[in-house]
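Chemist: Just dropping this structure here.
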Amino acid sequence: RELKNKKPQAILEGTYAVDEKDADLFSDSSSITGQSGVSSTSRGTRTTAKTGKSRRKAERKKHSLREGSEHEDIALLEALRDIVVNANNTQDEISNLLVVLNLFEFVSEAEELQDNFASFIASIQSHLPLIWPKTTTPLNDTKPVQPQVTGPGATVNSIVASFTKIQNSLSDANYITVPQPVLRKDGKWKLNNL
């Protein structure tokens with residue numbers, strides 16, 4: 001009995017050699033002292049990473065573009081937003097391509113590319129107000145929800161109150177919550193000599 005009481009103390013001090021028959025005792029003493037091979041912070045990080053991965057996977061599944069899915073409308077809006085973002089990013093690439101085409105005397109191809117891309121940008125610009133109206137309307141209701149009130153006449157309290165009201169009304173899954181993308185309209189991508 002006295003030897004049994006000395007073993008945990010010797011293990012803690014590091015003076016006791018562990019063999020197979022004492023493995024249970026070592027395991028019990030490490031459980032009591034809280035010392036183990038895996039720290040509690042690394043266990044928490046692993047759990048957080050797994051939860052984050054699961055959350056992102058669930059979010060992707062939630063907004064599926066599959067026809068007839070529950071949130072198909074939101075998925076369509078996200079896809080349209082991605083098209084606008086890609087059109088903005090493509091403007092710089094088109095500009096560089098037009099310069100190179102013009103440099104190597106492919107003027108007719110450059111003109112055609114510029115005209116086609118200009119009509120694409122104009123089409124996006126004309127359809128944005130139809131897809132994202134100025135007020136957000138619930139899918140199952142006809143009363144529009146007014147956008148947040150800001151400006152020179154607004155006070156901090158009125159802005160916070162309107163923001164809270166909008167957040168509460170938009171928290172319902174029946175509301176469109178995809179923000180409207182901004183289309184670059186500067187036209188810097190065009191070549192003037194075409």
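Identifiers in this document derive from the order of the structure tokens: chains are assigned A, B, ..., residues are numbered from 1 separately in each chain, and ligands are numbered from 1 in order of occurrence.
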Quick one: residues within 8 Å of range 178-185 of chain A, only C-alpha atoms counted, chain neighbours fewer than 3 positions away excluded, as a list of chain:residue names?
Modeler: A:Ile74, A:Leu77, A:Glu78, A:Arg81, A:Val84, A:Val85, A:Ala87, A:Asn88, A:Gln125, A:Trp132
Chemist: Restricted to N, CA, C and O atoms, what would the selected residues look like written as an mmCIF file, in the first residue's frame?
Modeler:
data_model
loop_
_atom_site.group_PDB
_atom_site.id
_atom_site.type_symbol
_atom_site.label_atom_id
_atom_site.label_comp_id
_atom_site.auth_asym_id
_atom_site.auth_seq_id
_atom_site.Cartn_x
_atom_site.Cartn_y
_atom_site.Cartn_z
ATOM 1 N N ILE A 74 -32.039 33.195 -53.380
ATOM 2 C CA ILE A 74 -30.837 33.799 -52.806
ATOM 3 C C ILE A 74 -29.605 33.309 -53.561
ATOM 4 O O ILE A 74 -28.686 34.078 -53.839
ATOM 5 N N LEU A 77 -29.332 35.276 -56.743
ATOM 6 C CA LEU A 77 -28.807 36.615 -56.495
ATOM 7 C C LEU A 77 -27.298 36.584 -56.245
ATOM 8 O O LEU A 77 -26.566 37.459 -56.717
ATOM 9 N N GLU A 78 -26.835 35.578 -55.511
ATOM 10 C CA GLU A 78 -25.396 35.459 -55.268
ATOM 11 C C GLU A 78 -24.649 35.184 -56.572
ATOM 12 O O GLU A 78 -23.564 35.722 -56.797
ATOM 13 N N ARG A 81 -24.530 38.425 -58.437
ATOM 14 C CA ARG A 81 -23.535 39.300 -57.811
ATOM 15 C C ARG A 81 -22.137 38.891 -58.255
ATOM 16 O O ARG A 81 -21.304 39.737 -58.572
ATOM 17 N N VAL A 84 -21.344 40.271 -61.678
ATOM 18 C CA VAL A 84 -20.994 41.694 -61.653
ATOM 19 C C VAL A 84 -19.563 41.880 -61.151
ATOM 20 O O VAL A 84 -18.790 42.662 -61.716
ATOM 21 N N VAL A 85 -19.189 41.160 -60.112
ATOM 22 C CA VAL A 85 -17.826 41.255 -59.577
ATOM 23 C C VAL A 85 -16.819 40.807 -60.639
ATOM 24 O O VAL A 85 -15.772 41.445 -60.839
ATOM 25 N N ALA A 87 -17.263 40.885 -63.875
ATOM 26 C CA ALA A 87 -17.248 41.898 -64.934
ATOM 27 C C ALA A 87 -16.351 43.064 -64.540
ATOM 28 O O ALA A 87 -15.607 43.597 -65.372
ATOM 29 N N ASN A 88 -16.403 43.468 -63.275
ATOM 30 C CA ASN A 88 -15.510 44.527 -62.790
ATOM 31 C C ASN A 88 -14.047 44.114 -62.909
ATOM 32 O O ASN A 88 -13.204 44.898 -63.342
ATOM 33 N N GLN A 125 -25.700 47.001 -66.407
ATOM 34 C CA GLN A 125 -26.086 48.276 -65.803
ATOM 35 C C GLN A 125 -27.587 48.512 -65.900
ATOM 36 O O GLN A 125 -28.211 49.007 -64.962
ATOM 37 N N TRP A 132 -32.097 44.310 -58.142
ATOM 38 C CA TRP A 132 -31.981 44.849 -56.781
ATOM 39 C C TRP A 132 -32.685 46.201 -56.730
ATOM 40 O O TRP A 132 -32.065 47.239 -56.958
#
Chemist: Name the residues of range 53-165 of chain A that fall into helix (DSSP H, G or I) according to DSSP on the backbone, using the chain letters and numbers of this document, as a ChimeraX atom specification.
Modeler: /A:53-62,72-103,107-131,156-165
Chemist: Taking into account only C-alpha atoms, which residue in the set A:Leu97, A:Ala10, A:Val160, A:Ile83 is nearest to Ile121 in chain A?
Modeler: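 When distances to Ile121 in chain A are compared using only C-alpha atoms, the smallest one comes from A:Ile83.
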Chemist: Kindly indicate which residue among A:Gly68, A:Asn157, A:Ser95, A:Asp82 lies nearest to Glu111 in chain A, using only C-alpha atoms for the distances.
Modeler: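 Result for the nearest residue to Glu111 in chain A: A:Ser95.
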Chemist: Distance CA of Val107 in chain A-CA of Asn86 in chain A, one decimal place?
Modeler: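 Between these atoms lies a distance of 25.2 Å.
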Chemist: Quick one: pull the distance between CA of Ala58 in chain A and CA of Leu80 in chain A, Å, one decimal.
Modeler: 20.8 Å
Chemist: Which residues, written as an mmCIF file with all heavy atoms, in the first residue's frame, have at least one atom at most 10 Å from Thr90 in chain A, with only C-alpha atoms counted and residues fewer than 6 positions away on the same chain left out?
Modeler:
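See selection25.cif below for the written result:
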data_model
loop_
_atom_site.group_PDB
_atom_site.id
_atom_site.type_symbol
_atom_site.label_atom_id
_atom_site.label_comp_id
_atom_site.auth_asym_id
_atom_site.auth_seq_id
_atom_site.Cartn_x
_atom_site.Cartn_y
_atom_site.Cartn_z
ATOM 1 N N VAL A 84 -21.344 40.271 -61.678
ATOM 2 C CA VAL A 84 -20.994 41.694 -61.653
ATOM 3 C C VAL A 84 -19.563 41.880 -61.151
ATOM 4 O O VAL A 84 -18.790 42.662 -61.716
ATOM 5 C CB VAL A 84 -21.996 42.493 -60.792
ATOM 6 C CG1 VAL A 84 -21.558 43.935 -60.629
ATOM 7 C CG2 VAL A 84 -23.387 42.434 -61.405
ATOM 8 N N ASN A 96 -6.098 45.674 -71.182
ATOM 9 C CA ASN A 96 -4.771 45.191 -71.591
ATOM 10 C C ASN A 96 -4.830 44.434 -72.908
ATOM 11 O O ASN A 96 -3.962 44.583 -73.770
ATOM 12 C CB ASN A 96 -4.167 44.302 -70.514
ATOM 13 C CG ASN A 96 -3.859 45.064 -69.236
ATOM 14 O OD1 ASN A 96 -3.664 46.274 -69.257
ATOM 15 N ND2 ASN A 96 -3.830 44.353 -68.122
ATOM 16 N N PHE A 117 -18.027 43.885 -75.302
ATOM 17 C CA PHE A 117 -17.897 44.071 -73.857
ATOM 18 C C PHE A 117 -18.670 45.299 -73.393
ATOM 19 O O PHE A 117 -19.264 45.291 -72.313
ATOM 20 C CB PHE A 117 -16.419 44.165 -73.451
ATOM 21 C CG PHE A 117 -16.211 44.017 -71.970
ATOM 22 C CD1 PHE A 117 -16.421 42.789 -71.353
ATOM 23 C CD2 PHE A 117 -15.820 45.084 -71.192
ATOM 24 C CE1 PHE A 117 -16.244 42.646 -69.988
ATOM 25 C CE2 PHE A 117 -15.636 44.950 -69.824
ATOM 26 C CZ PHE A 117 -15.850 43.725 -69.219
ATOM 27 N N TRP A 189 -11.448 51.193 -69.344
ATOM 28 C CA TRP A 189 -10.970 50.021 -70.052
ATOM 29 C C TRP A 189 -11.018 50.224 -71.583
ATOM 30 O O TRP A 189 -10.346 49.522 -72.314
ATOM 31 C CB TRP A 189 -11.801 48.792 -69.667
ATOM 32 C CG TRP A 189 -13.245 48.917 -69.968
ATOM 33 C CD1 TRP A 189 -14.214 49.450 -69.180
ATOM 34 C CD2 TRP A 189 -13.907 48.516 -71.162
ATOM 35 N NE1 TRP A 189 -15.432 49.409 -69.793
ATOM 36 C CE2 TRP A 189 -15.267 48.828 -71.031
ATOM 37 C CE3 TRP A 189 -13.480 47.910 -72.342
ATOM 38 C CZ2 TRP A 189 -16.209 48.577 -72.015
ATOM 39 C CZ3 TRP A 189 -14.415 47.639 -73.320
ATOM 40 C CH2 TRP A 189 -15.761 47.982 -73.150
#
